[in-house]
Structures are given as C-alpha cells and as structure tokens.
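Reproduced below: model-v9.txt, with compact mmCIF, C-alpha atoms.
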```txt
# COMPACT_ATOMS: atom_id res chain seq x y z
CA MET Z 1 41.62 -50.25 -145.50
CA THR Z 2 44.15 -49.68 -148.22
CA GLY Z 3 46.16 -46.54 -148.77
CA LEU Z 4 44.04 -45.69 -151.80
CA SER Z 5 40.86 -45.96 -149.72
CA LEU Z 6 42.29 -43.67 -147.06
CA PHE Z 7 43.48 -41.20 -149.70
CA SER Z 8 39.98 -41.22 -151.24
CA LEU Z 9 38.44 -40.35 -147.88
CA ILE Z 10 40.91 -37.50 -147.40
CA ILE Z 11 40.07 -36.14 -150.86
CA LEU Z 12 36.33 -36.40 -150.13
CA ALA Z 13 36.65 -34.50 -146.85
CA THR Z 14 38.98 -31.89 -148.34
CA ALA Z 15 36.66 -31.28 -151.30
CA PHE Z 16 33.59 -31.07 -149.07
CA PHE Z 17 35.11 -28.56 -146.66
CA THR Z 18 36.68 -26.56 -149.50
CA ALA Z 19 33.28 -26.07 -151.12
CA PHE Z 20 31.79 -25.28 -147.73
CA TYR Z 21 34.55 -22.73 -147.05
CA LEU Z 22 34.16 -21.06 -150.45
CA ASN Z 23 30.46 -20.56 -149.83
CA ALA Z 24 31.10 -18.98 -146.43
CA ASN Z 25 31.76 -15.74 -148.30
CA PRO Z 26 28.34 -14.06 -148.72
CA ASN Z 27 29.41 -12.36 -151.95
CA TYR Z 28 30.36 -15.59 -153.67
CA GLU Z 29 28.40 -18.75 -154.42
CA PHE Z 30 30.36 -21.82 -155.46
CA THR Z 31 28.36 -24.58 -157.11
CA ILE Z 32 29.43 -27.55 -159.16
CA THR Z 33 27.51 -29.48 -161.76
CA PRO Z 34 28.51 -33.14 -161.58
CA PRO Z 35 29.22 -34.96 -164.86
CA TYR Z 36 25.84 -36.73 -164.65
CA HIS Z 37 22.21 -35.74 -164.23
CA TYR Z 38 21.55 -34.75 -160.63
CA VAL Z 39 18.55 -33.10 -159.00
CA PRO Z 40 18.67 -32.97 -155.18
CA GLY Z 41 16.15 -35.28 -153.53
CA GLU Z 42 15.19 -37.14 -156.69
CA PHE Z 43 15.48 -40.93 -156.39
CA LEU Z 44 16.95 -41.59 -159.83
CA SER Z 45 19.45 -38.77 -159.37
CA GLU Z 46 20.64 -40.23 -156.07
CA LEU Z 47 20.90 -43.67 -157.69
CA ASN Z 48 22.74 -42.12 -160.63
CA ALA Z 49 25.25 -40.52 -158.24
CA PHE Z 50 25.74 -43.87 -156.47
CA PHE Z 51 26.52 -45.74 -159.67
CA PHE Z 52 28.69 -42.89 -160.95
CA VAL Z 53 30.98 -43.39 -157.96
CA PHE Z 54 31.11 -47.15 -158.51
CA ILE Z 55 31.69 -47.07 -162.26
CA PHE Z 56 34.10 -44.13 -162.26
CA SER Z 57 36.05 -45.64 -159.35
CA LEU Z 58 36.32 -48.95 -161.18
CA LEU Z 59 37.27 -47.25 -164.44
CA PHE Z 60 41.04 -47.49 -164.03
CA PHE Z 61 41.15 -50.41 -161.59
CA GLY Z 62 40.19 -48.33 -158.55
CA ILE Z 63 42.81 -45.64 -159.08
CA THR Z 64 40.18 -43.04 -160.01
CA ALA Z 65 38.22 -43.46 -156.74
CA PRO Z 66 39.77 -40.29 -155.24
CA ILE Z 67 38.58 -38.30 -158.27
CA ALA Z 68 35.05 -39.71 -158.02
CA LEU Z 69 34.83 -39.00 -154.31
CA GLY Z 70 36.38 -35.56 -154.85
CA ILE Z 71 33.64 -34.69 -157.32
CA GLU Z 72 31.05 -35.93 -154.87
CA GLY Z 73 32.66 -33.99 -152.02
CA LEU Z 74 32.49 -30.77 -154.03
CA LYS Z 75 28.90 -31.50 -155.00
CA TRP Z 76 27.73 -32.30 -151.47
CA GLY Z 77 29.68 -29.44 -149.91
CA SER Z 78 28.38 -26.84 -152.32
CA LEU Z 79 24.77 -28.04 -152.16
CA TYR Z 80 24.75 -28.20 -148.36
CA SER Z 81 26.40 -24.83 -147.89
CA ILE Z 82 23.86 -23.05 -150.12
CA LYS Z 83 21.01 -24.90 -148.34
CA ALA Z 84 19.93 -26.82 -151.45
CA ILE Z 85 19.92 -30.06 -149.42
CA THR Z 86 19.35 -30.91 -145.78
CA PHE Z 87 21.75 -32.50 -143.32
CA TYR Z 88 19.91 -35.79 -143.77
CA ASP Z 89 20.77 -35.83 -147.49
CA LEU Z 90 24.44 -35.97 -146.56
CA ALA Z 91 23.82 -39.54 -145.37
CA PHE Z 92 24.02 -40.61 -149.02
CA ILE Z 93 27.77 -40.03 -148.80
CA VAL Z 94 28.18 -43.20 -146.71
CA PRO Z 95 26.95 -45.70 -149.35
CA GLN Z 96 29.05 -43.89 -151.95
CA VAL Z 97 32.17 -44.32 -149.82
CA ILE Z 98 31.41 -48.00 -149.25
CA VAL Z 99 30.82 -48.64 -152.96
CA SER Z 100 34.08 -46.87 -153.80
CA PHE Z 101 35.87 -49.27 -151.42
CA SER Z 102 34.25 -52.14 -153.32
CA ALA Z 103 35.48 -50.74 -156.64
CA ILE Z 104 38.99 -50.27 -155.24
CA MET Z 105 39.07 -53.90 -154.06
CA LEU Z 106 37.85 -55.16 -157.42
CA GLY Z 107 40.34 -53.02 -159.30
CA GLN Z 108 43.27 -54.16 -157.17
CA GLY Z 109 42.13 -57.77 -157.58
CA ILE Z 110 42.01 -57.38 -161.35
CA ILE Z 111 45.49 -55.85 -161.41
CA SER Z 112 46.79 -58.74 -159.29
CA ASP Z 113 45.20 -61.19 -161.72
CA TYR Z 114 47.00 -59.48 -164.60
CA GLU Z 115 50.23 -59.98 -162.66
CA GLY Z 116 49.45 -63.71 -162.35
CA LYS Z 117 48.66 -63.74 -158.63
CA ALA Z 118 45.01 -64.89 -159.02
CA ALA Z 119 43.81 -62.50 -156.31
CA LEU Z 120 40.44 -61.63 -157.84
CA LYS Z 121 38.86 -64.81 -156.48
CA GLN Z 122 40.04 -63.85 -153.00
CA VAL Z 123 38.73 -60.27 -153.01
CA LEU Z 124 35.53 -60.87 -155.00
CA PRO Z 125 33.41 -62.07 -152.03
CA THR Z 126 34.46 -59.11 -149.88
CA ALA Z 127 33.99 -56.61 -152.70
CA LEU Z 128 30.56 -58.06 -153.47
CA THR Z 129 29.62 -57.88 -149.79
CA TYR Z 130 30.65 -54.20 -149.70
CA PHE Z 131 28.67 -53.52 -152.87
CA LEU Z 132 25.53 -55.22 -151.56
CA ALA Z 133 25.87 -53.50 -148.18
CA ALA Z 134 26.17 -50.14 -149.94
CA ILE Z 135 23.05 -50.85 -152.03
CA ALA Z 136 21.11 -51.94 -148.93
CA LEU Z 137 22.24 -48.85 -147.01
CA PHE Z 138 21.33 -46.60 -149.94
CA PHE Z 139 17.77 -47.96 -150.07
CA ALA Z 140 17.45 -47.85 -146.27
CA ILE Z 141 18.48 -44.20 -146.24
CA TYR Z 142 16.10 -43.36 -149.05
CA LEU Z 143 13.15 -45.25 -147.58
CA LEU Z 144 13.69 -43.88 -144.06
CA LYS Z 145 14.06 -40.30 -145.27
CA PRO Z 146 10.40 -39.30 -144.82
CA LEU Z 147 10.40 -40.74 -141.29
CA LEU Z 148 13.75 -39.41 -140.10
CA ALA Z 149 13.77 -36.09 -141.99
CA GLN Z 150 11.36 -34.63 -139.46
CA PHE Z 151 13.89 -35.26 -136.66
CA ILE Z 152 17.07 -34.38 -138.59
CA SER Z 153 17.03 -31.28 -140.76
```
Written as structure tokens, that's how I'd like the structure from this file.
Amino acid sequence: MTGLSLFSLIILATAFFTAFYLNANPNYEFTITPPYHYVPGEFLSELNAFFFVFIFSLLFFGITAPIALGIEGLKWGSLYSIKAITFYDLAFIVPQVIVSFSAIMLGQGIISDYEGKAALKQVLPTALTYFLAAIALFFAIYLLKPLLAQFIS
C-alpha cells in the first residue's frame, strides 16, 4: 500500500465520521449531493458511483483519489446517519476503495513511464487484477443484497 492509498483511506474515514457526527445533532441535517446522479439502492446509481471513484481517481494520475474517496465518505456518512441507506449498503465502500487503489497504481505507473522508467508494464497486471476484483465484488454485493439484507440491516 502506498502513502497515497493510506492517505485516501484516512480521508474516507474522516469524511464518513464527520458527516455522521454532524448529523448527530437533532436540529441539523447534513446531506451532500455527489457530483453525479445517485439514488440510494438503484443499480445504475451504485455503478455510477463506482466508476466515478475510478475515473476521478485516475484523473490526475491517482493524486485525486483522496478527493474522490472524501466525496464518497461524506455521501455514505450522511446517507447512513439520516437512515436513507442500511448498514448493508455501506458494503459498496469496499469495491470503491479497491478500484481507487487500482487507479492510484495506474496513475503512478503512467507518471513513471513519463519519467522514462517503463513502470506501467510492471503495475498494469496488478492494477487490472484490482480493478477486476473490485468489479466482481461490486456485483457480488449487489446480487447478494436481497439474500443478506434480511440478516444485516
């Protein structure tokens, strides 16, 4: 795990718990509208959020991953704290984190290629594996939701 990956996780957790803390006040309701279409529980919205994290994280060679995960942390924290989503829906954070790691690896590989180190060929298989694992986990979470939602709410 690189320093940027660790920093992204810290930003995600900080944003999530900040939104959760702000909504602990009964006189105040903090919500955030992400910069893409999102309706809780809708398949295309969840897929849209997944690809937002990947594309936005890859935007400036992985450097923007903390911003993408920060936006997602605020979104998930605010939605969960106002009871707009269930605890099970928070499982979609895991594929988003994995896909951000993939984008960070690709971005760092591209920067190394620009420097003449030819590192993209070395990180591409690992980044692709992370991306495919994140996609598989995303679909597994979505397909298992009706089964597991009755046990976890």
Next item on the list: Find the residues near region 139-147 of chain Z: any atom within 9 Å, counting all atoms listed in the file, skip ones fewer than 3 places away on the same chain, and give them as number ranges by chain.
Entry: Z: 43, 46, 88-89, 91-92, 134-136, 150-151
Mind checking which residues fall within 9 Å of Ala68 (chain Z), counting all atoms listed in the file, ignoring those fewer than 6 positions away in the same chain, and posting them as a short mmCIF file (atom, residue, chain, number, x, y, z; two decimals) with C-alpha atoms, keeping the file's coordinate frame?
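As a result, part.cif now contains:
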```cif
data_model
loop_
_atom_site.label_atom_id
_atom_site.label_comp_id
_atom_site.auth_asym_id
_atom_site.auth_seq_id
_atom_site.Cartn_x
_atom_site.Cartn_y
_atom_site.Cartn_z
CA SER Z 8 39.98 -41.22 -151.24
CA LEU Z 12 36.33 -36.40 -150.13
CA PHE Z 52 28.69 -42.89 -160.95
CA VAL Z 53 30.98 -43.39 -157.96
CA PHE Z 54 31.11 -47.15 -158.51
CA PHE Z 56 34.10 -44.13 -162.26
CA SER Z 57 36.05 -45.64 -159.35
CA SER Z 100 34.08 -46.87 -153.80
#
```
Margin query: Here is a test: counting all atoms listed in the file, which residue of Z:Phe16, Z:Phe50, Z:Tyr21, Z:Tyr114 is nearest to Ile71 (chain Z)?
Written below: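 So, comparing all the options, the nearest one is Z:Phe16.
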Margin query: Using all atoms listed in the file for the distances, tell me which of Z:Gly41, Z:Pro35, Z:Pro125, Z:Gly77 is nearest to Ala19 (chain Z).
Written below: Z:Gly77
Checklist line | Selection as a PyMOL selection string: residues within 8 Å of (40.6, -41.5, -153.3), counting all atoms listed in the file | finding: chain Z and resi 4-12+63-70
Would you mind exporting the chosen residues as a PDB file, in the frame of the given file, restricted to C-alpha atoms?
```
ATOM      1  CA  LEU Z   4      44.040 -45.690-151.800  1.00  0.00           C
ATOM      2  CA  SER Z   5      40.860 -45.960-149.720  1.00  0.00           C
ATOM      3  CA  LEU Z   6      42.290 -43.670-147.060  1.00  0.00           C
ATOM      4  CA  PHE Z   7      43.480 -41.200-149.700  1.00  0.00           C
ATOM      5  CA  SER Z   8      39.980 -41.220-151.240  1.00  0.00           C
ATOM      6  CA  LEU Z   9      38.440 -40.350-147.880  1.00  0.00           C
ATOM      7  CA  ILE Z  10      40.910 -37.500-147.400  1.00  0.00           C
ATOM      8  CA  ILE Z  11      40.070 -36.140-150.860  1.00  0.00           C
ATOM      9  CA  LEU Z  12      36.330 -36.400-150.130  1.00  0.00           C
ATOM     10  CA  ILE Z  63      42.810 -45.640-159.080  1.00  0.00           C
ATOM     11  CA  THR Z  64      40.180 -43.040-160.010  1.00  0.00           C
ATOM     12  CA  ALA Z  65      38.220 -43.460-156.740  1.00  0.00           C
ATOM     13  CA  PRO Z  66      39.770 -40.290-155.240  1.00  0.00           C
ATOM     14  CA  ILE Z  67      38.580 -38.300-158.270  1.00  0.00           C
ATOM     15  CA  ALA Z  68      35.050 -39.710-158.020  1.00  0.00           C
ATOM     16  CA  LEU Z  69      34.830 -39.000-154.310  1.00  0.00           C
ATOM     17  CA  GLY Z  70      36.380 -35.560-154.850  1.00  0.00           C
TER      18      GLY Z  70
END
```
Next item on the list: Quote the spacing between CA of Asn25 (chain Z) and CA of Phe87 (chain Z) in Å to one decimal place.
Entry: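 Between CA of Asn25 (chain Z) and CA of Phe87 (chain Z) the gap works out to 20.1 Å.
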Box centre and edge lengths (Å, one decimal), axis-aligned, region 8-27 of chain Z plus 3 Å each side, as AutoDock Vina command-line options:
```
--center_x 34.6 --center_y -26.8 --center_z -149.2 --size_x 18.6 --size_y 34.9 --size_z 11.5
```
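Computed from the coordinates, the CA of Ala118 (chain Z) to CA of Tyr130 (chain Z) distance equals 20.2 Å.
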Margin query: Rounded to one decimal, what separation in Å do you get between CA of Val94 (chain Z) and CA of Glu29 (chain Z)?
Written below: 25.6 Å
Atom completion result for region 133-144 of chain Z (all heavy atoms) as an mmCIF file, in the frame of the given file:
```cif
data_model
loop_
_atom_site.group_PDB
_atom_site.id
_atom_site.type_symbol
_atom_site.label_atom_id
_atom_site.label_comp_id
_atom_site.auth_asym_id
_atom_site.auth_seq_id
_atom_site.Cartn_x
_atom_site.Cartn_y
_atom_site.Cartn_z
ATOM 1 N N ALA Z 133 26.114 -54.291 -149.391
ATOM 2 C CA ALA Z 133 25.870 -53.500 -148.180
ATOM 3 C C ALA Z 133 25.616 -52.037 -148.539
ATOM 4 O O ALA Z 133 24.744 -51.387 -147.945
ATOM 5 C CB ALA Z 133 27.052 -53.623 -147.224
ATOM 6 N N ALA Z 134 26.358 -51.524 -149.507
ATOM 7 C CA ALA Z 134 26.170 -50.140 -149.940
ATOM 8 C C ALA Z 134 24.795 -49.957 -150.585
ATOM 9 O O ALA Z 134 24.107 -48.958 -150.318
ATOM 10 C CB ALA Z 134 27.267 -49.721 -150.908
ATOM 11 N N ILE Z 135 24.384 -50.916 -151.405
ATOM 12 C CA ILE Z 135 23.050 -50.850 -152.030
ATOM 13 C C ILE Z 135 21.965 -50.888 -150.959
ATOM 14 O O ILE Z 135 21.008 -50.103 -150.993
ATOM 15 C CB ILE Z 135 22.859 -52.020 -153.032
ATOM 16 C CG1 ILE Z 135 23.679 -51.788 -154.290
ATOM 17 C CG2 ILE Z 135 21.401 -52.237 -153.382
ATOM 18 C CD1 ILE Z 135 23.039 -50.879 -155.304
ATOM 19 N N ALA Z 136 22.105 -51.818 -150.000
ATOM 20 C CA ALA Z 136 21.110 -51.940 -148.930
ATOM 21 C C ALA Z 136 21.043 -50.650 -148.097
ATOM 22 O O ALA Z 136 19.956 -50.168 -147.763
ATOM 23 C CB ALA Z 136 21.435 -53.138 -148.050
ATOM 24 N N LEU Z 137 22.199 -50.090 -147.784
ATOM 25 C CA LEU Z 137 22.240 -48.850 -147.010
ATOM 26 C C LEU Z 137 21.629 -47.690 -147.796
ATOM 27 O O LEU Z 137 20.898 -46.862 -147.242
ATOM 28 C CB LEU Z 137 23.672 -48.530 -146.606
ATOM 29 C CG LEU Z 137 23.873 -47.318 -145.707
ATOM 30 C CD1 LEU Z 137 23.119 -47.491 -144.395
ATOM 31 C CD2 LEU Z 137 25.357 -47.117 -145.445
ATOM 32 N N PHE Z 138 21.904 -47.641 -149.094
ATOM 33 C CA PHE Z 138 21.330 -46.600 -149.940
ATOM 34 C C PHE Z 138 19.801 -46.647 -149.885
ATOM 35 O O PHE Z 138 19.145 -45.629 -149.676
ATOM 36 C CB PHE Z 138 21.812 -46.771 -151.390
ATOM 37 C CG PHE Z 138 21.134 -45.855 -152.354
ATOM 38 C CD1 PHE Z 138 21.580 -44.557 -152.520
ATOM 39 C CD2 PHE Z 138 20.040 -46.283 -153.094
ATOM 40 C CE1 PHE Z 138 20.946 -43.702 -153.409
ATOM 41 C CE2 PHE Z 138 19.399 -45.432 -153.975
ATOM 42 C CZ PHE Z 138 19.856 -44.141 -154.130
ATOM 43 N N PHE Z 139 19.228 -47.842 -150.081
ATOM 44 C CA PHE Z 139 17.770 -47.960 -150.070
ATOM 45 C C PHE Z 139 17.204 -47.714 -148.673
ATOM 46 O O PHE Z 139 16.127 -47.131 -148.544
ATOM 47 C CB PHE Z 139 17.332 -49.326 -150.617
ATOM 48 C CG PHE Z 139 17.369 -49.384 -152.108
ATOM 49 C CD1 PHE Z 139 18.331 -50.123 -152.761
ATOM 50 C CD2 PHE Z 139 16.462 -48.669 -152.878
ATOM 51 C CE1 PHE Z 139 18.389 -50.172 -154.146
ATOM 52 C CE2 PHE Z 139 16.504 -48.704 -154.261
ATOM 53 C CZ PHE Z 139 17.466 -49.453 -154.894
ATOM 54 N N ALA Z 140 17.912 -48.120 -147.639
ATOM 55 C CA ALA Z 140 17.450 -47.850 -146.270
ATOM 56 C C ALA Z 140 17.408 -46.355 -146.009
ATOM 57 O O ALA Z 140 16.430 -45.839 -145.441
ATOM 58 C CB ALA Z 140 18.352 -48.557 -145.262
ATOM 59 N N ILE Z 141 18.450 -45.648 -146.427
ATOM 60 C CA ILE Z 141 18.480 -44.200 -146.240
ATOM 61 C C ILE Z 141 17.350 -43.534 -147.011
ATOM 62 O O ILE Z 141 16.662 -42.658 -146.505
ATOM 63 C CB ILE Z 141 19.850 -43.617 -146.654
ATOM 64 C CG1 ILE Z 141 20.929 -44.048 -145.672
ATOM 65 C CG2 ILE Z 141 19.795 -42.097 -146.762
ATOM 66 C CD1 ILE Z 141 22.337 -43.752 -146.151
ATOM 67 N N TYR Z 142 17.145 -43.979 -148.236
ATOM 68 C CA TYR Z 142 16.100 -43.360 -149.050
ATOM 69 C C TYR Z 142 14.709 -43.655 -148.495
ATOM 70 O O TYR Z 142 13.859 -42.767 -148.442
ATOM 71 C CB TYR Z 142 16.197 -43.822 -150.509
ATOM 72 C CG TYR Z 142 15.302 -43.004 -151.387
ATOM 73 C CD1 TYR Z 142 15.689 -41.735 -151.797
ATOM 74 C CD2 TYR Z 142 14.044 -43.457 -151.757
ATOM 75 C CE1 TYR Z 142 14.861 -40.949 -152.574
ATOM 76 C CE2 TYR Z 142 13.203 -42.672 -152.537
ATOM 77 C CZ TYR Z 142 13.614 -41.426 -152.938
ATOM 78 O OH TYR Z 142 12.788 -40.642 -153.695
ATOM 79 N N LEU Z 143 14.473 -44.893 -148.072
ATOM 80 C CA LEU Z 143 13.150 -45.250 -147.580
ATOM 81 C C LEU Z 143 12.856 -44.652 -146.198
ATOM 82 O O LEU Z 143 11.703 -44.388 -145.874
ATOM 83 C CB LEU Z 143 12.993 -46.778 -147.539
ATOM 84 C CG LEU Z 143 12.981 -47.452 -148.912
ATOM 85 C CD1 LEU Z 143 12.965 -48.964 -148.763
ATOM 86 C CD2 LEU Z 143 11.801 -46.982 -149.745
ATOM 87 N N LEU Z 144 13.885 -44.451 -145.389
ATOM 88 C CA LEU Z 144 13.690 -43.880 -144.060
ATOM 89 C C LEU Z 144 13.676 -42.349 -144.063
ATOM 90 O O LEU Z 144 13.411 -41.733 -143.038
ATOM 91 C CB LEU Z 144 14.768 -44.373 -143.106
ATOM 92 C CG LEU Z 144 14.680 -45.843 -142.719
ATOM 93 C CD1 LEU Z 144 15.877 -46.235 -141.860
ATOM 94 C CD2 LEU Z 144 13.377 -46.155 -142.012
#
```
